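K.L.:
Contents of run.txt (compact mmCIF, C-alpha atoms):
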# COMPACT_ATOMS: atom_id res chain seq x y z
CA MET A 1068 -33.85 -62.07 -15.90
CA SER A 1069 -36.38 -60.50 -18.31
CA LYS A 1070 -35.45 -58.02 -21.02
CA SER A 1071 -37.30 -55.19 -19.19
CA LYS A 1072 -35.33 -55.88 -16.02
CA ASN A 1073 -32.07 -55.82 -17.98
CA ASN A 1074 -33.03 -52.48 -19.49
CA GLN A 1075 -33.92 -51.11 -16.05
CA ALA A 1076 -30.60 -52.30 -14.66
CA LYS A 1077 -28.74 -50.58 -17.47
CA LEU A 1078 -30.66 -47.36 -16.83
CA ASN A 1079 -29.86 -47.51 -13.12
CA GLN A 1080 -26.20 -48.11 -13.94
CA GLN A 1081 -26.18 -45.09 -16.29
CA ASP A 1082 -27.75 -42.94 -13.58
CA GLU A 1083 -25.04 -43.96 -11.15
CA ILE A 1084 -22.32 -43.10 -13.69
CA LEU A 1085 -23.93 -39.72 -14.37
CA ASN A 1086 -24.12 -38.99 -10.65
CA ILE A 1087 -20.43 -39.83 -10.26
CA LEU A 1088 -19.49 -37.60 -13.19
CA LEU A 1089 -21.76 -34.73 -12.21
CA VAL A 1090 -19.27 -32.94 -9.96
CA PRO A 1091 -16.25 -33.04 -12.30
CA ILE A 1092 -18.44 -32.12 -15.25
CA SER A 1093 -19.78 -29.14 -13.29
CA ILE A 1094 -16.25 -28.02 -12.45
CA VAL A 1095 -15.22 -28.25 -16.09
CA LEU A 1096 -18.29 -26.33 -17.22
CA ALA A 1097 -17.65 -23.65 -14.59
CA GLY A 1098 -14.10 -23.32 -15.83
CA VAL A 1099 -15.30 -22.96 -19.38
CA LEU A 1100 -17.83 -20.29 -18.38
CA ILE A 1101 -15.24 -18.36 -16.38
CA THR A 1102 -12.76 -18.49 -19.25
CA ALA A 1103 -15.44 -17.39 -21.69
CA SER A 1104 -16.38 -14.55 -19.37
CA ILE A 1105 -12.78 -13.33 -19.15
CA LEU A 1106 -12.36 -13.38 -22.90
CA TYR A 1107 -15.71 -11.68 -23.45
CA SER A 1108 -15.05 -8.95 -20.90
CA ALA A 1109 -11.68 -8.31 -22.49
CA ASN A 1110 -13.43 -7.82 -25.84
CA VAL A 1111 -11.20 -10.42 -27.41
CA ILE A 1112 -12.44 -12.21 -30.53
CA LEU A 1113 -10.48 -15.30 -31.42
CA GLU A 1114 -10.76 -16.72 -34.87
CA ARG A 1115 -12.48 -20.12 -34.92
CA ASP A 1116 -9.47 -21.86 -36.39
CA GLN A 1117 -6.91 -20.07 -34.16
CA LEU A 1118 -4.93 -22.32 -31.84
CA VAL A 1119 -5.37 -21.07 -28.26
CA THR A 1120 -2.16 -21.90 -26.40
CA LYS A 1121 -0.92 -20.77 -22.99
CA THR A 1122 1.27 -18.25 -24.75
CA THR A 1123 -1.52 -16.66 -26.79
CA LEU A 1124 -3.92 -16.60 -23.84
CA ARG A 1125 -1.30 -15.02 -21.59
CA LYS A 1126 -0.63 -12.40 -24.26
CA VAL A 1127 -4.33 -11.55 -24.51
CA LEU A 1128 -4.69 -11.14 -20.75
CA GLN A 1129 -1.50 -9.09 -20.43
CA GLU A 1130 -2.66 -6.75 -23.19
CA GLU A 1131 -5.99 -6.20 -21.48
CA LEU A 1132 -4.36 -5.63 -18.10
CA SER A 1133 -1.99 -3.10 -19.66
CA LYS A 1134 -4.93 -1.22 -21.20
CA ASN A 1135 -6.72 -1.00 -17.86
CA GLN A 1136 -3.64 -0.30 -15.73
CA ALA A 1137 -3.57 3.36 -16.72
CA ASN A 1138 -7.08 3.80 -15.37
CA ILE A 1139 -6.17 2.53 -11.91
CA ALA A 1140 -5.46 5.50 -9.65
CA PRO A 1141 -2.76 4.83 -7.05
CA GLN A 1142 -4.26 4.57 -3.59
CA PRO A 1143 -2.81 4.19 -0.11
CA THR A 1144 -3.38 0.90 1.73
CA VAL A 1145 -6.48 2.45 3.24
CA GLN A 1146 -8.31 4.86 0.97
CA ALA A 1147 -8.54 8.42 2.25
CA PRO A 1148 -12.04 9.34 3.50
CA SER A 1149 -14.31 11.53 1.41
CA GLN A 1150 -14.35 14.16 4.16
CA PRO A 1151 -11.05 15.75 5.23
CA VAL A 1152 -9.56 14.32 8.43
CA THR A 1153 -8.08 16.96 10.69
CA VAL A 1154 -6.14 17.13 13.91
CA SER A 1155 -6.16 19.99 16.38
CA GLU A 1156 -3.67 22.83 16.27
CA ASP A 1157 -2.44 21.74 19.69
CA THR A 1158 -1.78 18.22 18.37
CA LEU A 1159 0.17 19.60 15.42
CA ASN A 1160 2.15 22.00 17.60
CA ASN A 1161 3.04 19.17 19.95
CA LEU A 1162 4.44 17.17 17.00
CA LYS A 1163 6.37 20.18 15.73
CA SER A 1164 7.98 20.76 19.10
CA THR A 1165 8.77 17.16 20.07
CA HIS A 1166 9.07 14.85 17.05
CA VAL A 1167 12.61 13.60 16.41
CA LEU A 1168 12.74 13.25 12.62
CA PHE A 1169 11.87 16.82 11.73
CA LEU A 1170 13.24 18.89 8.84
CA GLY A 1171 12.95 22.60 8.16
CA ASP A 1172 11.87 25.54 10.30
CA ARG A 1173 9.41 24.46 12.99
CA ASN A 1174 7.69 27.84 12.57
CA SER A 1175 7.08 27.38 8.84
CA LYS A 1176 3.65 28.39 7.60
CA ILE A 1177 3.36 25.10 5.71
CA HIS A 1178 4.12 21.84 7.48
CA PHE A 1179 3.97 18.29 6.08
CA THR A 1180 3.59 15.15 8.18
CA GLU A 1181 4.11 11.89 6.31
CA PHE A 1182 3.12 8.53 7.80
CA ALA A 1183 5.03 5.91 5.85
CA ASP A 1184 6.44 2.39 5.77
CA PRO A 1185 9.73 1.79 3.90
CA SER A 1186 8.34 -1.56 2.72
CA CYS A 1187 5.10 -0.02 1.39
CA PRO A 1188 5.01 -0.12 -2.45
CA PHE A 1189 2.78 2.95 -2.62
CA CYS A 1190 5.24 4.84 -0.41
CA SER A 1191 7.87 3.86 -2.96
CA LEU A 1192 5.60 5.15 -5.72
CA ALA A 1193 4.99 8.38 -3.79
CA SER A 1194 8.77 8.76 -3.49
CA GLY A 1195 9.11 8.66 -7.28
CA ASP A 1196 10.25 5.13 -8.11
CA PRO A 1197 10.62 5.28 -11.93
CA ALA A 1198 9.73 1.61 -12.40
CA LYS A 1199 6.41 2.07 -10.59
CA LEU A 1200 5.63 5.47 -12.11
CA ALA A 1201 5.66 3.91 -15.58
CA SER A 1202 2.35 2.22 -14.71
CA TYR A 1203 0.67 5.41 -13.47
CA PRO A 1204 0.62 8.07 -16.21
CA GLY A 1205 -0.59 11.41 -14.97
CA TYR A 1206 0.44 10.73 -11.39
CA THR A 1207 2.86 13.15 -9.71
CA PRO A 1208 4.71 11.71 -6.70
CA PRO A 1209 4.44 14.12 -3.74
CA ILE A 1210 7.63 13.36 -1.78
CA PRO A 1211 10.13 14.86 -4.28
CA GLU A 1212 7.98 18.00 -4.43
CA ILE A 1213 7.77 18.17 -0.65
CA GLU A 1214 11.55 17.73 -0.40
CA LYS A 1215 12.07 20.71 -2.73
CA LEU A 1216 9.79 22.93 -0.66
CA VAL A 1217 11.54 21.94 2.57
CA LYS A 1218 15.03 22.49 1.12
CA ASP A 1219 13.93 25.85 -0.30
CA GLY A 1220 12.88 26.94 3.20
CA LYS A 1221 9.20 27.10 2.27
CA ALA A 1222 7.95 24.26 4.49
CA SER A 1223 8.80 21.88 7.30
CA TYR A 1224 8.41 18.10 7.34
CA ALA A 1225 8.10 15.24 9.82
CA TRP A 1226 8.52 11.57 8.88
CA VAL A 1227 6.57 9.06 10.99
CA TYR A 1228 6.87 5.26 10.80
CA LEU A 1229 3.71 3.18 10.46
CA PRO A 1230 4.20 -0.55 9.70
CA THR A 1231 1.35 -1.23 7.30
CA HIS A 1232 3.30 -3.69 5.13
CA GLY A 1233 5.39 -5.30 7.84
CA ASN A 1234 8.95 -5.38 6.45
CA GLY A 1235 10.26 -1.86 7.02
CA GLU A 1236 11.39 -1.82 10.65
CA VAL A 1237 15.15 -1.99 10.01
CA ALA A 1238 14.97 0.57 7.19
CA ALA A 1239 12.96 2.93 9.42
CA GLN A 1240 15.75 2.77 12.01
CA VAL A 1241 18.27 3.43 9.24
CA PHE A 1242 16.31 6.59 8.36
CA TYR A 1243 16.53 7.82 11.96
CA CYS A 1244 20.26 7.05 12.09
CA ALA A 1245 20.79 8.84 8.76
CA TYR A 1246 18.84 11.85 10.06
CA GLU A 1247 21.25 11.98 13.00
CA LYS A 1248 24.05 12.49 10.45
CA GLY A 1249 22.10 15.05 8.44
CA VAL A 1250 21.57 12.82 5.39
CA PHE A 1251 17.95 11.74 5.78
CA TRP A 1252 16.81 12.78 2.31
CA GLU A 1253 19.79 11.20 0.57
CA VAL A 1254 19.33 7.85 2.33
CA HIS A 1255 15.53 7.96 2.11
CA ASN A 1256 15.62 8.62 -1.63
CA LYS A 1257 18.06 5.78 -2.26
CA LEU A 1258 16.25 3.15 -0.17
CA MET A 1259 12.69 4.01 -1.20
CA VAL A 1260 13.11 3.33 -4.92
CA GLY A 1261 14.52 0.70 -7.28
CA ASP A 1262 17.12 -1.71 -5.89
CA GLY A 1263 17.07 0.05 -2.53
CA TYR A 1264 13.37 -0.66 -2.05
CA ASN A 1265 13.85 -4.26 -3.17
CA LYS A 1266 16.59 -4.76 -0.59
CA VAL A 1267 14.32 -3.38 2.13
CA GLU A 1268 11.27 -5.39 1.12
CA TYR A 1269 12.73 -8.70 -0.01
CA GLU A 1270 16.20 -9.09 1.53
CA VAL A 1271 16.52 -7.31 4.86
CA ARG A 1272 12.90 -7.17 5.97
CA ASN A 1273 12.95 -6.89 9.80
CA ASP A 1274 16.20 -8.78 10.40
CA VAL A 1275 18.58 -6.46 12.26
CA ASN A 1276 21.43 -8.85 11.50
CA LYS A 1277 21.02 -7.99 7.81
CA VAL A 1278 21.31 -4.24 8.25
CA ASN A 1279 24.73 -4.44 6.58
CA ILE A 1280 22.94 -5.05 3.26
CA LEU A 1281 21.43 -1.56 3.54
CA SER A 1282 24.47 0.12 5.06
CA ASP A 1283 26.68 -1.22 2.27
CA TYR A 1284 24.18 0.01 -0.33
CA ILE A 1285 24.30 3.56 1.07
CA LYS A 1286 28.02 3.60 1.92
CA ASP A 1287 28.57 6.42 -0.57
CA ILE A 1288 26.31 8.59 1.61
CA VAL A 1289 27.07 7.60 5.20
CA ASP A 1290 29.61 5.46 7.06
CA PRO A 1291 28.28 1.87 7.02
CA GLU A 1292 29.87 1.07 10.38
CA PHE A 1293 27.94 3.92 11.97
CA ILE A 1294 24.65 2.68 10.49
CA ASN A 1295 25.34 -0.92 11.58
CA GLN A 1296 26.17 0.10 15.14
CA CYS A 1297 23.31 2.59 15.36
CA VAL A 1298 20.66 0.07 14.27
CA LYS A 1299 22.01 -2.93 16.18
CA SER A 1300 22.19 -0.92 19.38
CA GLY A 1301 18.42 -0.46 19.21
CA LYS A 1302 18.84 3.27 19.71
CA TYR A 1303 15.68 4.15 17.79
CA LYS A 1304 13.67 1.01 18.51
CA GLU A 1305 11.51 2.78 21.10
CA GLN A 1306 11.09 5.73 18.73
CA LEU A 1307 9.30 3.44 16.27
CA ASN A 1308 6.83 2.53 19.03
CA LYS A 1309 6.27 6.24 19.65
CA ASP A 1310 5.67 6.73 15.92
CA MET A 1311 3.02 4.02 15.91
CA ALA A 1312 1.34 5.58 18.94
CA LEU A 1313 1.37 8.92 17.13
CA ALA A 1314 -0.29 7.37 14.08
CA ASN A 1315 -2.98 5.98 16.36
CA GLN A 1316 -3.46 9.41 17.95
CA TRP A 1317 -3.90 10.94 14.50
CA SER A 1318 -6.25 8.06 13.48
CA VAL A 1319 -3.96 7.05 10.61
CA SER A 1320 -4.14 3.45 9.43
CA GLY A 1321 -2.81 3.50 5.85
CA THR A 1322 0.37 4.53 4.10
CA PRO A 1323 1.37 6.82 2.65
CA THR A 1324 -0.78 9.32 4.51
CA ILE A 1325 0.21 12.96 4.14
CA TYR A 1326 -1.00 15.87 6.23
CA VAL A 1327 -0.62 19.50 5.27
CA ASN A 1328 -0.74 21.34 8.58
CA VAL A 1329 -3.80 19.91 10.38
CA GLU A 1330 -5.55 18.44 7.32
CA GLN A 1331 -5.09 15.10 5.59
CA ALA A 1332 -4.60 15.09 1.82
CA GLN A 1333 -7.26 13.14 -0.03
CA SER A 1334 -4.67 10.95 -1.75
CA ALA A 1335 -0.93 10.48 -2.18
CA ASN A 1336 -1.01 12.41 -5.44
CA PHE A 1337 0.77 15.76 -5.37
CA ALA A 1338 -2.28 17.38 -6.98
CA ASP A 1339 -4.24 16.78 -3.77
CA VAL A 1340 -1.32 17.86 -1.61
CA GLN A 1341 -0.93 21.03 -3.71
CA ALA A 1342 -4.59 21.88 -3.19
CA LEU A 1343 -4.02 22.00 0.57
CA ILE A 1344 -0.77 23.93 0.19
CA SER A 1345 -2.66 26.59 -1.75
CA LYS A 1346 -5.36 26.64 0.90
CA TYR A 1347 -2.93 27.27 3.74
CA GLN A 1348 -0.79 29.74 1.82
CA ASN A 1349 -3.76 32.10 1.42
Write out the structure in this file as structure tokens.
P.N.:
Amino acid sequence: MSKSKNNQAKLNQQDEILNILLVPISIVLAGVLITASILYSANVILERDQLVTKTTLRKVLQEELSKNQANIAPQPTVQAPSQPVTVSEDTLNNLKSTHVLFLGDRNSKIHFTEFADPSCPFCSLASGDPAKLASYPGYTPPIPEIEKLVKDGKASYAWVYLPTHGNGEVAAQVFYCAYEKGVFWEVHNKLMVGDGYNKVEYEVRNDVNKVNILSDYIKDIVDPEFINQCVKSGKYKEQLNKDMALANQWSVSGTPTIYVNVEQAQSANFADVQALISKYQN
């Protein structure tokens, strides 16, 4: 074989090797570009002789995430529309006269309707979970404020179950059972935040046979045997279906969604709820 043929064979062999390596090289280069983009967007300048380890990189990213976290406004699972969503007066009056979980005077000038899921993290935030509030400076949870108004006789309130996050069915039944005993707020407030929320979301989920985990957690408020029997009997199972039908009637698809009288608040921040309260008080 001539020297030129040998050279050509070597070139062909190099081309084949390059073709084989092209894909993994491209992947590596893409990874490098993505990493560079992340570091650049985070405005992080690493010294040339600094050793970049997993620990240092994780620290950089966590710092940047922490800086931006405060700028993230809490939103429901489906963002409220730019234009107010309303229901008819007849629709509201029907809810006020028939809905089971209702607190306060049904003739109150101000009425709140909350569509919620006990396994919804933003519902937990709206209920005032301290651990979650730490990440949202400037945010005022609306549910504690609504509770005060209802207890002071200044408003009425209806709680409606809407399973947007999928693990709150048992807890929703516990709420109805607790309401039957006159301790809705006490049980709601204990199960919607901290360890209570974690038990709902991660331990019990929708397993009726695990209701004892919740009933034992709230035993200082209500008899656990009553809660166990009430939930396992399925007494309020059909009520949850009625709640979901009501949410569909009101065109609600995200949680938490809060109505003040016939009008939906623009967000689950008490500032937006307060704006509607002021509107309907005048």
K.L.:
Could you please give me, as a PDB file with C-alpha atoms, in the frame of the given file, the residues of protein, DNA or RNA lying at most 7 Å from (12.7, 16.5, 8.5) in the coordinate frame of the file, considering only C-alpha atoms?
P.N.:
ATOM      1  CA  LEU A1168      12.740  13.250  12.620  1.00  0.00           C
ATOM      2  CA  PHE A1169      11.870  16.820  11.730  1.00  0.00           C
ATOM      3  CA  LEU A1170      13.240  18.890   8.840  1.00  0.00           C
ATOM      4  CA  GLY A1171      12.950  22.600   8.160  1.00  0.00           C
ATOM      5  CA  SER A1223       8.800  21.880   7.300  1.00  0.00           C
ATOM      6  CA  TYR A1224       8.410  18.100   7.340  1.00  0.00           C
ATOM      7  CA  ALA A1225       8.100  15.240   9.820  1.00  0.00           C
ATOM      8  CA  TRP A1226       8.520  11.570   8.880  1.00  0.00           C
TER       9      TRP A1226
END
K.L.:
So, counting only C-alpha atoms, which residue among A:Ala1245, A:Val1260, A:Ala1338, A:Val1319 is closest to Phe1293 (chain A)?
P.N.:
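Nearest candidate to Phe1293 (chain A) out of A:Ala1245, A:Val1260, A:Ala1338, A:Val1319: A:Ala1245.
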K.L.:
List as a list in words the protein and nucleic acid residues near Ile1288 (chain A), meaning an atom at most 8 Å away when only C-alpha atoms are counted, but skip any in the same chain fewer than 6 places from it.
P.N.:
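Near neighbours after the sequence-gap exclusion: Val1250, Glu1253 and Val1254 of chain A.
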K.L.:
Check the smallest atom-to-atom distance from each of A:Leu1200, A:Ile1177, A:Val1237, A:Val1227 to Val1327 (chain A) using only C-alpha atoms, then report the winner.
P.N.:
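Comparing A:Leu1200, A:Ile1177, A:Val1237, A:Val1227 against Val1327 (chain A), the winner is A:Ile1177.
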K.L.:
Point out the residue among A:Leu1192, A:Ala1335, A:Leu1229, A:Cys1297 with the least atom-to-atom distance to Trp1317 (chain A), counting only C-alpha atoms.
P.N.:
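Of the candidates, the smallest distance to Trp1317 (chain A) is held by A:Leu1229.
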K.L.:
In Å, how far is it from CA of Lys1309 (chain A) to CA of Glu1330 (chain A)?
P.N.:
21.0 Å
K.L.:
Starting from the point (4.5, 19.7, 16.3), work out which residues of protein, DNA or RNA have an atom no more than 10 Å away when counting only C-alpha atoms; state them as a VMD selection string.
P.N.:
chain A and resid 1156 to 1166 1169 1173 to 1174 1178 1180 1224 to 1225 1328
K.L.:
Identify which of the residues A:Ile1210, A:Leu1216, A:Ala1239, A:Ala1342 lies closest to Asp1196 (chain A), counting only C-alpha atoms when measuring atom-to-atom distances.
P.N.:
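Answer, going by the shortest atom-to-atom distance: A:Ile1210.
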K.L.:
Per residue of region 1267-1333 of chain A within 8 Å of region 1185-1191 of chain A, which atom pair is closest and at what distance in Å (one decimal), using all atoms listed in the file, listed by chain and increasing number, as a Markdown table?
P.N.:
| residue | atom | partner | partner_atom | distance |
| --- | --- | --- | --- | --- |
| A:Val1267 | CA | A:Ser1186 | CA | 6.3 |
| A:Glu1268 | CA | A:Ser1186 | CA | 5.1 |
| A:Arg1272 | CA | A:Ser1186 | CA | 7.9 |
| A:Thr1322 | CA | A:Cys1190 | CA | 6.6 |
| A:Pro1323 | CA | A:Cys1190 | CA | 5.3 |
K.L.:
Please indicate the distance in Å from CA of Ser1345 (chain A) to CA of Lys1221 (chain A), rounded to one decimal place.
P.N.:
12.5 Å
K.L.:
I need the residue nearest Gly1205 (chain A) from this list: A:Gln1240, A:Ala1314, A:Asn1336, A:Leu1343. Use all atoms listed in the file for the distance.
P.N.:
A:Asn1336
K.L.:
Which residue, A:Lys1176, A:Ala1201, A:Asp1184, A:Pro1208, has the smallest gap to Leu1258 (chain A) when you use all atoms listed in the file?
P.N.:
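Among the listed residues, A:Asp1184 lies closest to Leu1258 (chain A).
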K.L.:
Write out as a ChimeraX atom specification each polymer residue whose atoms come within 12 Å of Glu1270 (chain A), counting all atoms listed in the file; drop sequence neighbours fewer than 2 positions from it.
P.N.:
/A:1186,1234-1235,1237-1238,1262-1268,1272-1281
